[in-house]
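K.L.:
So I've got this file, coords-v7.txt, and it contains compact mmCIF, C-alpha atoms:
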# COMPACT_ATOMS: atom_id res chain seq x y z
CA MET A 1 -0.95 12.39 92.12
CA LYS A 2 -4.65 11.56 92.19
CA LYS A 3 -4.88 12.56 95.85
CA LEU A 4 -3.01 15.76 95.06
CA LEU A 5 -5.49 16.73 92.36
CA LEU A 6 -8.44 16.01 94.64
CA LEU A 7 -6.95 18.00 97.52
CA THR A 8 -6.22 20.85 95.15
CA ALA A 9 -9.83 20.86 94.04
CA ILE A 10 -11.12 20.83 97.62
CA PHE A 11 -8.71 23.61 98.52
CA ALA A 12 -9.88 25.65 95.57
CA VAL A 13 -13.52 25.27 96.62
CA ALA A 14 -12.74 26.37 100.18
CA THR A 15 -10.60 29.35 99.26
CA MET A 16 -12.20 30.58 96.00
CA SER A 17 -15.90 30.03 96.16
CA ALA A 18 -16.29 32.08 93.00
CA GLN A 19 -14.66 29.46 90.81
CA ASP A 20 -16.86 27.03 88.84
CA LEU A 21 -15.77 23.64 90.14
CA PRO A 22 -17.23 20.22 89.36
CA GLN A 23 -20.52 19.61 91.03
CA ASN A 24 -20.58 16.66 93.47
CA PRO A 25 -17.05 15.40 92.80
CA GLU A 26 -16.27 11.89 93.91
CA PRO A 27 -13.22 11.13 95.99
CA GLY A 28 -10.37 9.51 94.10
CA LYS A 29 -11.55 10.67 90.65
CA CYS A 30 -9.92 13.16 88.32
CA TYR A 31 -11.57 15.92 86.38
CA VAL A 32 -10.45 18.28 83.67
CA ARG A 33 -12.04 21.49 82.59
CA CYS A 34 -13.22 21.17 79.03
CA THR A 35 -13.82 24.37 77.21
CA THR A 36 -16.24 23.95 74.42
CA PRO A 37 -14.10 25.33 71.65
CA ASP A 38 -15.22 27.34 68.75
CA VAL A 39 -15.82 24.79 66.06
CA TYR A 40 -14.16 25.70 62.85
CA VAL A 41 -14.30 23.89 59.59
CA ASN A 42 -11.65 24.14 56.97
CA GLU A 43 -12.69 25.54 53.67
CA THR A 44 -10.50 25.80 50.66
CA THR A 45 -10.63 28.70 48.28
CA THR A 46 -8.69 29.14 45.12
CA VAL A 47 -6.93 32.45 44.70
CA VAL A 48 -5.55 33.54 41.37
CA VAL A 49 -2.12 34.77 42.30
CA LYS A 50 -1.15 35.36 38.73
CA PRO A 51 -3.62 35.56 35.84
CA ALA A 52 -3.27 33.57 32.66
CA TYR A 53 -1.40 35.40 29.96
CA LYS A 54 0.04 34.85 26.57
CA VAL A 55 3.68 34.50 25.75
CA LEU A 56 4.69 35.17 22.20
CA LYS A 57 7.76 33.46 21.00
CA THR A 58 9.35 34.06 17.67
CA VAL A 59 10.72 31.07 15.92
CA PRO A 60 13.45 32.20 13.56
CA ALA A 61 13.39 31.21 9.96
CA THR A 62 15.17 28.03 9.08
CA PHE A 63 17.25 27.61 5.99
CA LYS A 64 18.62 24.72 4.06
CA THR A 65 21.41 24.41 1.58
CA VAL A 66 20.54 23.12 -1.87
CA THR A 67 22.63 22.56 -4.94
CA GLU A 68 21.36 23.60 -8.31
CA ARG A 69 22.64 22.93 -11.81
CA VAL A 70 22.69 26.18 -13.75
CA LEU A 71 23.34 27.00 -17.39
CA VAL A 72 26.50 29.05 -17.80
CA LYS A 73 26.76 28.84 -21.58
CA GLU A 74 23.94 28.10 -23.94
CA GLU A 75 24.11 25.42 -26.55
CA GLY A 76 25.56 26.68 -29.82
CA LYS A 77 26.45 25.55 -33.31
CA LYS A 78 29.72 25.54 -35.18
CA LEU A 79 29.51 25.69 -38.94
CA SER A 80 32.45 24.26 -40.87
CA VAL A 81 32.68 24.79 -44.62
CA ILE A 82 34.12 21.80 -46.42
CA PRO A 83 35.28 22.90 -49.90
CA ALA A 84 34.27 21.04 -52.98
CA LYS A 85 36.48 18.27 -54.21
CA TRP A 86 37.54 18.49 -57.82
CA GLY A 87 38.95 16.08 -60.34
CA THR A 88 39.72 16.07 -64.05
CA GLU A 89 38.25 14.06 -66.84
CA SER A 90 38.82 13.89 -70.55
CA VAL A 91 35.84 14.83 -72.62
CA SER A 92 35.65 13.68 -76.24
CA TYR A 93 33.85 15.79 -78.72
CA VAL A 94 33.27 15.89 -82.44
CA SER A 95 35.58 18.52 -83.69
CA LYS A 96 34.22 18.12 -87.18
CA GLU A 97 31.01 16.40 -87.78
CA GLY A 98 30.72 13.77 -90.39
CA ALA A 99 29.02 14.67 -93.65
CA ASN A 100 28.24 13.25 -97.04
CA SER A 101 29.73 14.08 -100.40
CA LEU A 102 26.95 14.13 -103.01
CA LYS A 103 27.43 13.20 -106.67
CA ILE A 104 24.66 14.07 -109.12
CA ILE A 105 23.58 11.42 -111.59
CA PRO A 106 21.64 13.18 -114.44
CA ALA A 107 18.36 11.81 -115.59
CA SER A 108 18.52 9.29 -118.41
CA PHE A 109 15.96 8.86 -121.18
CA SER A 110 15.02 6.11 -123.62
CA ASN A 111 13.38 6.56 -127.02
CA SER A 112 9.70 5.72 -127.23
CA SER A 113 6.62 6.70 -129.13
CA GLU A 114 3.15 7.57 -128.14
CA THR A 115 -0.03 7.23 -130.21
CA ILE A 116 -2.28 10.14 -129.65
CA GLU A 117 -5.93 10.22 -130.65
CA VAL A 118 -6.13 13.31 -132.61
CA LYS A 119 -9.76 12.85 -133.57
CA PRO A 120 -12.04 10.75 -131.56
CA ALA A 121 -14.32 8.14 -133.17
CA TYR A 122 -17.75 9.44 -134.04
CA ALA A 123 -20.99 8.47 -135.87
CA GLN A 124 -23.42 10.48 -137.91
CA TRP A 125 -26.55 10.11 -139.97
CA GLU A 126 -25.96 10.14 -143.66
CA LEU A 127 -28.46 10.10 -146.53
CA GLY A 128 -27.88 7.08 -148.75
CA SER A 129 -28.22 6.69 -152.45
CA PRO A 130 -31.78 6.58 -153.82
CA ALA A 131 -33.22 3.23 -154.14
CA PRO A 132 -33.36 2.12 -157.70
CA ASP A 133 -36.80 0.89 -157.31
CA CYS A 134 -38.22 4.02 -155.83
CA ALA A 135 -41.73 4.76 -157.09
CA SER A 136 -41.92 8.20 -155.77
CA GLY A 137 -41.40 11.12 -157.74
CA ASN A 138 -39.42 12.58 -154.93
CA PRO A 139 -36.17 11.02 -154.98
CA ASP A 140 -35.51 11.83 -151.42
CA ASP A 141 -38.42 9.67 -150.43
CA CYS A 142 -36.65 6.61 -151.55
CA ARG A 143 -33.35 7.28 -149.86
CA TYR A 144 -32.35 5.84 -146.47
CA TRP A 145 -30.45 7.28 -143.79
CA CYS A 146 -27.60 5.39 -142.34
CA TYR A 147 -26.03 6.08 -139.02
CA LYS A 148 -22.47 5.72 -140.10
CA GLY A 149 -19.63 5.51 -137.66
CA TYR A 150 -16.17 6.83 -138.28
CA PRO A 151 -13.13 5.57 -136.37
CA ALA A 152 -10.94 7.76 -134.37
CA GLU A 153 -7.91 9.23 -135.94
CA PHE A 154 -4.55 8.71 -134.36
CA THR A 155 -1.09 10.04 -134.85
CA THR A 156 2.19 8.56 -133.52
CA VAL A 157 4.52 11.01 -131.87
CA SER A 158 8.15 10.12 -131.16
CA THR A 159 8.83 10.58 -127.39
CA GLN A 160 11.57 10.04 -124.88
CA LYS A 161 10.77 8.08 -121.87
CA LEU A 162 12.47 8.82 -118.57
CA ALA A 163 14.58 5.88 -117.91
CA ALA A 164 16.02 7.15 -114.62
CA ASP A 165 15.42 10.40 -112.99
CA ALA A 166 18.28 12.55 -111.83
CA SER A 167 19.67 11.31 -108.48
CA THR A 168 22.61 11.72 -106.21
CA THR A 169 24.98 9.35 -104.63
CA LYS A 170 26.32 9.94 -101.14
CA THR A 171 29.85 9.41 -100.15
CA ALA A 172 30.28 9.60 -96.41
CA ILE A 173 32.94 11.97 -95.12
CA ALA A 174 34.02 10.67 -91.70
CA ALA A 175 33.63 12.89 -88.66
CA LYS A 176 36.69 14.12 -86.82
CA ASN A 177 36.83 13.66 -83.09
CA ALA A 178 38.88 15.54 -80.49
CA SER A 179 39.00 15.68 -76.69
CA TYR A 180 39.61 18.19 -73.94
CA THR A 181 40.29 17.98 -70.24
CA LYS A 182 37.88 19.56 -67.81
CA ARG A 183 37.70 19.82 -64.02
CA VAL A 184 34.73 18.09 -62.65
CA MET A 185 33.27 18.31 -59.13
CA LEU A 186 33.74 15.07 -57.36
CA GLU A 187 32.03 16.26 -54.20
CA PRO A 188 30.26 19.57 -53.84
CA ALA A 189 31.16 22.02 -51.13
CA LYS A 190 29.10 21.56 -47.99
CA VAL A 191 28.54 23.08 -44.60
CA VAL A 192 28.91 20.74 -41.65
CA GLU A 193 26.90 21.79 -38.61
CA GLU A 194 28.44 20.76 -35.31
CA VAL A 195 26.46 21.18 -32.10
CA ILE A 196 28.46 22.70 -29.27
CA PRO A 197 26.78 21.42 -26.10
CA ALA A 198 25.63 23.81 -23.42
CA GLU A 199 27.84 24.23 -20.39
CA TYR A 200 26.48 23.82 -16.88
CA ASN A 201 27.80 24.47 -13.44
CA THR A 202 26.66 23.43 -9.98
CA ILE A 203 25.98 26.20 -7.50
CA THR A 204 25.17 26.00 -3.82
CA LYS A 205 22.62 28.36 -2.40
CA THR A 206 20.80 28.80 0.87
CA VAL A 207 17.05 28.79 0.56
CA ILE A 208 14.41 29.35 3.16
CA ASP A 209 13.02 26.14 4.56
CA LYS A 210 10.45 27.68 6.87
CA ASP A 211 9.91 31.36 7.37
CA ALA A 212 10.02 32.92 10.79
CA TYR A 213 6.76 32.68 12.64
CA THR A 214 5.26 33.47 15.99
CA VAL A 215 4.16 30.84 18.43
CA GLU A 216 1.51 31.86 20.87
CA GLU A 217 1.66 30.02 24.12
CA THR A 218 -0.88 30.54 26.85
CA VAL A 219 0.62 30.46 30.28
CA PRO A 220 -2.10 29.23 32.58
CA ALA A 221 -3.10 31.21 35.56
CA VAL A 222 -1.24 30.46 38.75
CA THR A 223 -3.62 29.66 41.51
CA LYS A 224 -3.10 28.88 45.09
CA THR A 225 -5.43 26.87 47.21
CA VAL A 226 -5.77 28.54 50.57
CA THR A 227 -7.28 26.68 53.45
CA LYS A 228 -9.11 28.91 55.83
CA GLU A 229 -10.95 28.23 59.02
CA VAL A 230 -14.57 29.21 59.04
CA LEU A 231 -16.42 29.39 62.33
CA LYS A 232 -19.13 26.78 62.35
CA THR A 233 -20.18 26.74 66.01
CA LYS A 234 -19.33 29.35 68.58
CA GLY A 235 -17.83 27.75 71.71
CA GLY A 236 -16.77 29.21 75.03
CA LEU A 237 -18.82 27.16 77.49
CA THR A 238 -16.70 25.48 80.15
CA THR A 239 -17.60 22.10 81.53
CA TRP A 240 -15.93 19.59 83.78
CA LYS A 241 -15.30 16.11 82.51
CA GLU A 242 -14.20 13.06 84.39
CA VAL A 243 -11.13 11.51 82.83
CA GLU A 244 -8.79 8.70 83.60
CA CYS A 245 -6.38 9.96 86.19
CA SER A 246 -3.48 8.53 84.24
CA LEU A 247 -4.22 10.99 81.40
CA VAL A 248 -3.57 14.02 83.55
CA GLU A 249 -0.04 12.74 84.09
CA TYR A 250 2.59 12.61 81.34
CA GLN A 251 2.18 9.57 79.12
CA ALA A 252 4.95 8.36 76.86
CA LEU A 253 4.52 8.83 73.13
CA PRO A 254 7.21 6.36 72.00
CA ILE A 255 8.47 8.17 68.90
CA ASN A 256 12.00 7.27 67.86
CA TRP A 257 13.26 10.54 66.42
CA ASN A 258 16.17 10.46 64.02
CA THR A 259 19.22 12.18 65.47
CA GLY A 260 18.90 15.95 65.20
CA SER A 261 15.65 15.62 63.20
CA SER A 262 12.14 16.87 63.91
CA THR A 263 10.55 15.20 60.89
CA LEU A 264 7.88 12.64 61.58
CA THR A 265 8.57 9.27 60.07
CA ALA A 266 5.86 6.88 58.90
CA ASP A 267 6.26 4.91 62.15
CA ALA A 268 5.91 8.10 64.20
CA LYS A 269 2.68 9.02 62.42
CA ARG A 270 1.35 5.52 63.00
CA ILE A 271 2.11 5.85 66.75
CA ILE A 272 0.26 9.20 66.89
CA ASP A 273 -2.72 7.71 65.05
CA THR A 274 -3.01 4.68 67.30
CA ARG A 275 -1.94 6.17 70.67
CA LEU A 276 -2.85 9.84 70.70
CA MET A 277 -5.82 10.28 68.38
CA PRO A 278 -8.08 7.92 70.36
CA VAL A 279 -7.43 9.96 73.58
CA LEU A 280 -8.59 13.15 71.84
CA GLN A 281 -11.60 11.42 70.29
CA GLN A 282 -12.68 9.98 73.63
CA ASN A 283 -12.22 13.32 75.45
CA PRO A 284 -13.67 15.97 73.16
CA GLY A 285 -12.95 19.53 74.27
CA ALA A 286 -10.05 18.48 76.56
CA LYS A 287 -6.84 20.38 76.11
CA LEU A 288 -3.70 18.39 75.33
CA GLU A 289 -0.11 19.25 76.06
CA ILE A 290 2.62 17.77 73.90
CA ALA A 291 5.98 17.86 75.67
CA SER A 292 9.27 17.00 74.04
CA HIS A 293 12.62 16.50 75.85
CA THR A 294 16.25 15.88 74.90
CA ASP A 295 19.25 14.50 76.72
CA SER A 296 21.99 16.78 78.00
CA ARG A 297 24.43 16.21 75.21
CA GLY A 298 24.89 19.16 72.96
CA SER A 299 24.30 22.81 73.78
CA ALA A 300 21.28 23.78 75.84
CA SER A 301 20.05 26.19 73.18
CA SER A 302 20.21 23.65 70.38
CA ASN A 303 18.48 21.08 72.57
CA GLN A 304 15.76 23.56 73.43
CA SER A 305 15.18 24.42 69.79
CA LEU A 306 15.13 20.77 68.75
CA SER A 307 12.60 19.82 71.43
CA GLU A 308 10.32 22.71 70.45
CA ARG A 309 10.44 21.68 66.80
CA ARG A 310 9.61 18.09 67.65
CA ALA A 311 6.62 19.07 69.82
CA LYS A 312 5.38 21.37 67.06
CA SER A 313 5.69 18.59 64.46
CA VAL A 314 3.34 16.41 66.50
CA ALA A 315 0.87 19.30 66.99
CA ASP A 316 0.96 20.17 63.28
CA TYR A 317 0.21 16.57 62.34
CA LEU A 318 -2.80 16.54 64.69
CA ILE A 319 -4.09 19.83 63.29
CA ALA A 320 -3.68 18.48 59.76
CA ASN A 321 -5.88 15.57 60.80
CA GLY A 322 -8.72 17.79 62.05
CA VAL A 323 -7.80 18.52 65.68
CA ASN A 324 -8.68 22.07 66.74
CA ALA A 325 -5.48 24.02 67.25
CA SER A 326 -6.92 25.78 70.30
CA LEU A 327 -6.94 22.46 72.17
CA LEU A 328 -3.23 21.83 71.65
CA VAL A 329 -0.21 23.13 73.54
CA ALA A 330 3.21 22.20 72.21
CA ASN A 331 6.08 22.67 74.68
CA GLY A 332 9.73 21.93 74.22
CA TYR A 333 11.77 21.53 77.43
CA GLY A 334 15.13 20.72 75.96
CA GLU A 335 17.39 19.25 78.67
CA ASN A 336 15.63 21.05 81.53
CA LYS A 337 13.66 18.07 82.85
CA LEU A 338 16.07 15.16 82.94
CA LYS A 339 14.71 11.96 84.44
CA ASN A 340 18.05 10.84 85.87
CA ARG A 341 21.45 12.12 86.91
CA CYS A 342 22.78 12.45 83.35
CA ALA A 343 23.37 16.20 83.39
CA ASP A 344 26.23 17.98 81.64
CA GLY A 345 29.62 16.54 82.63
CA VAL A 346 28.16 13.32 84.04
CA SER A 347 29.26 10.08 82.40
CA CYS A 348 26.21 7.99 81.49
CA THR A 349 25.41 5.01 79.36
CA GLU A 350 23.55 5.31 76.09
CA ARG A 351 20.54 3.70 77.67
CA GLU A 352 20.51 6.31 80.44
CA HIS A 353 20.70 9.14 77.93
CA ALA A 354 17.93 7.51 75.87
CA SER A 355 15.52 7.70 78.79
CA ASN A 356 15.84 11.50 78.69
CA ARG A 357 15.09 11.70 74.97
CA ARG A 358 11.33 11.43 75.08
CA THR A 359 8.05 12.87 73.84
CA GLU A 360 5.09 12.87 76.21
CA PHE A 361 1.50 14.08 76.35
CA ARG A 362 -1.13 14.81 79.00
CA LEU A 363 -4.55 16.36 79.38
CA ILE A 364 -4.42 19.78 81.03
CA ASN A 365 -6.84 22.40 82.31
What is this file in structure tokens?
P.N.:
Amino acid sequence: MKKLLLLTAIFAVATMSAQDLPQNPEPGKCYVRCTTPDVYVNETTTVVVKPAYKVLKTVPATFKTVTERVLVKEEGKKLSVIPAKWGTESVSYVSKEGANSLKIIPASFSNSSETIEVKPAYAQWELGSPAPDCASGNPDDCRYWCYKGYPAEFTTVSTQKLAADASTTKTAIAAKNASYTKRVMLEPAKVVEEVIPAEYNTITKTVIDKDAYTVEETVPAVTKTVTKEVLKTKGGLTTWKEVECSLVEYQALPINWNTGSSTLTADAKRIIDTRLMPVLQQNPGAKLEIASHTDSRGSASSNQSLSERRAKSVADYLIANGVNASLLVANGYGENKLKNRCADGVSCTEREHASNRRTEFRLIN
């Protein structure tokens, strides 16, 4: 294969002098044309695909059932008249009051006398008889005057003396008693007041617990992060690079695909990271073909589709990890490039079929 590539290069130089071939190639070495690709960097931008908006929700009123004790008849009063109770009793009275019978006792007298001074005692001056030895010629000169007293004069008058004045004697006349029967009130009439209690009933009613209200909910904007490639460095220059000759031939990428699946497992990603990524890192600008094959079992169309999907899964994983998409070619060959005789209708072992189910890669111009 190495000799073939070298001969092809020499033939190209001889026949097409216009082509840009490696300068001073060395025999036995392999070269690939590396196009300096446009260098793109991924930038993310956030796009509002739907703006934020408000959603109004009405929350209906809630109710609860309560019981309430209500007055159905007010308290009242009942008045009962209890008549008076009567009895009889005998009442004594004085039908004729007692009195006195009076007897007059006339006054009585006794005989007596009373001495009455009819002329009171008195005294007076009286001229006495002339003295016999009077020497005066006037006889009155020899007379003396005597103050002579005269006793009182009395007279005795027969009188009656009241022995006992007129008086009366009482003779009691006894009173006369009688009796009569009268009705007497033993217990007066009265009014008894009886309280008639109020009457209540229990009713059930529905009352509002919480009135209806509106809840405002803000629906956040819906954004989408879009990754876009932005040209960082313009490429286009073509150079030749010496590579290992083994890399220009198909190399096995030992991915064990699940039957009928094109999904990369964790083991498959690990194989790509450790086997394929270093080749791309060591040969920047080299173009890589990813080739996927199936065995002959199943229809050709389904095998073709499956192989294409598997090759694309590997390419997509590389792109996601920063490999420029322009440097990748993903080809699915289905059952078109079998490595052995196990074509349709040929009986083969599982091991023989397994050798046809493969994923490979190589550097290409």
K.L.:
Within 12 Å of Lys176 in chain A, counting all atoms listed in the file, which residues show up once you throw out same-chain ones fewer than 3 positions away? Write them as a ChimeraX atom specification, please.
P.N.:
/A:92-99,173,179
K.L.:
Nearest to Ala163 in chain A among A:Tyr200, A:Phe109, A:Tyr250, A:Tyr333, with distances taken over only C-alpha atoms: which residue is it?
P.N.:
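Of A:Tyr200, A:Phe109, A:Tyr250, A:Tyr333, the one nearest Ala163 in chain A, counting only C-alpha atoms, is A:Phe109.
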K.L.:
Grab the CA of Thr67 in chain A to CA of Asp211 in chain A distance for me, in Å with one decimal place.
P.N.:
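For CA of Thr67 in chain A relative to CA of Asp211 in chain A, the distance reads 19.8 Å.
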K.L.:
Which value, in Å to one decimal, gives the distance between CA of Ala330 in chain A and CA of Ala311 in chain A?
P.N.:
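CA of Ala330 in chain A sits 5.2 Å away from CA of Ala311 in chain A.
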K.L.:
Between CA of Pro220 in chain A and CA of Ala61 in chain A, what is the distance in Å, rounded to a tenth?
P.N.:
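One can read the CA of Pro220 in chain A to CA of Ala61 in chain A distance as 27.5 Å.
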K.L.:
With all atoms listed in the file as the basis for distance, which of A:Asn256, A:Thr115, A:Thr169, A:Gln281 is at the shortest distance from Thr156 in chain A?
P.N.:
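Smallest separation from Thr156 in chain A among the options: A:Thr115.
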K.L.:
Find the spatial neighbours of Thr204 in chain A, counting only C-alpha atoms, within a cut-off of 7 Å - ignore same-chain residues fewer than 6 positions away - and output them as a list of chain:residue names.
P.N.:
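In the requested format, the answer is A:Thr65, A:Val66, A:Thr67, A:Glu68.
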K.L.:
Check the smallest atom-to-atom distance from each of A:Thr349, A:Asn42, A:Asn24, A:Asn201 to Leu71 in chain A using all atoms listed in the file, then report the winner.
P.N.:
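Among the listed residues, A:Asn201 lies closest to Leu71 in chain A.
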K.L.:
Could you check the closest approach to Asp295 in chain A for each of A:Asp344, A:Glu126, A:Glu360, A:Asp273 and tell me which residue wins, using only C-alpha atoms?
P.N.:
A:Asp344
K.L.:
Tell me which of A:Glu75, A:Glu26, A:Lys269, A:Asn340 sits closest to Leu318 in chain A, counting only C-alpha atoms.
P.N.:
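So, comparing all the options, the nearest one is A:Lys269.
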K.L.:
Point out the residue among A:Thr58, A:Thr88, A:Thr168, A:Asn177 with the least atom-to-atom distance to Ala107 in chain A, counting all atoms listed in the file.
P.N.:
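Of A:Thr58, A:Thr88, A:Thr168, A:Asn177, the one nearest Ala107 in chain A, counting all atoms listed in the file, is A:Thr168.
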K.L.:
Skipping near chain neighbours, those fewer than 3 positions away, what residues fall within 12 Å of Ala164 in chain A using all atoms listed in the file, listed as a VMD selection string?
P.N.:
chain A and resid 105 to 110 160 to 161 167 to 168
K.L.:
Skipping near chain neighbours, those fewer than 5 positions away, what residues fall within 8 Å of Val48 in chain A using all atoms listed in the file, listed as a PDB file with C-alpha atoms, in the coordinates of the input?
P.N.:
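Okay, this is what ended up in result_8.pdb:
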ATOM      1  CA  ALA A 221      -3.100  31.210  35.560  1.00  0.00           C
ATOM      2  CA  VAL A 222      -1.240  30.460  38.750  1.00  0.00           C
ATOM      3  CA  THR A 223      -3.620  29.660  41.510  1.00  0.00           C
ATOM      4  CA  LYS A 224      -3.100  28.880  45.090  1.00  0.00           C
TER       5      LYS A 224
END
K.L.:
For Phe361 in chain A, list every protein, DNA or RNA residue within 10 Å, evaluated using only C-alpha atoms, and leave out those in the same chain fewer than 3 positions away; present the list as a PyMOL selection string.
P.N.:
chain A and resi 247-253+276+288-292+311+329-331+364
K.L.:
Could you give me, as a PyMOL selection string, the residues that sit within 7 Å of (43.6, 18.5, -72.0) in the file's coordinates, counting only C-alpha atoms?
P.N.:
chain A and resi 90+180-181
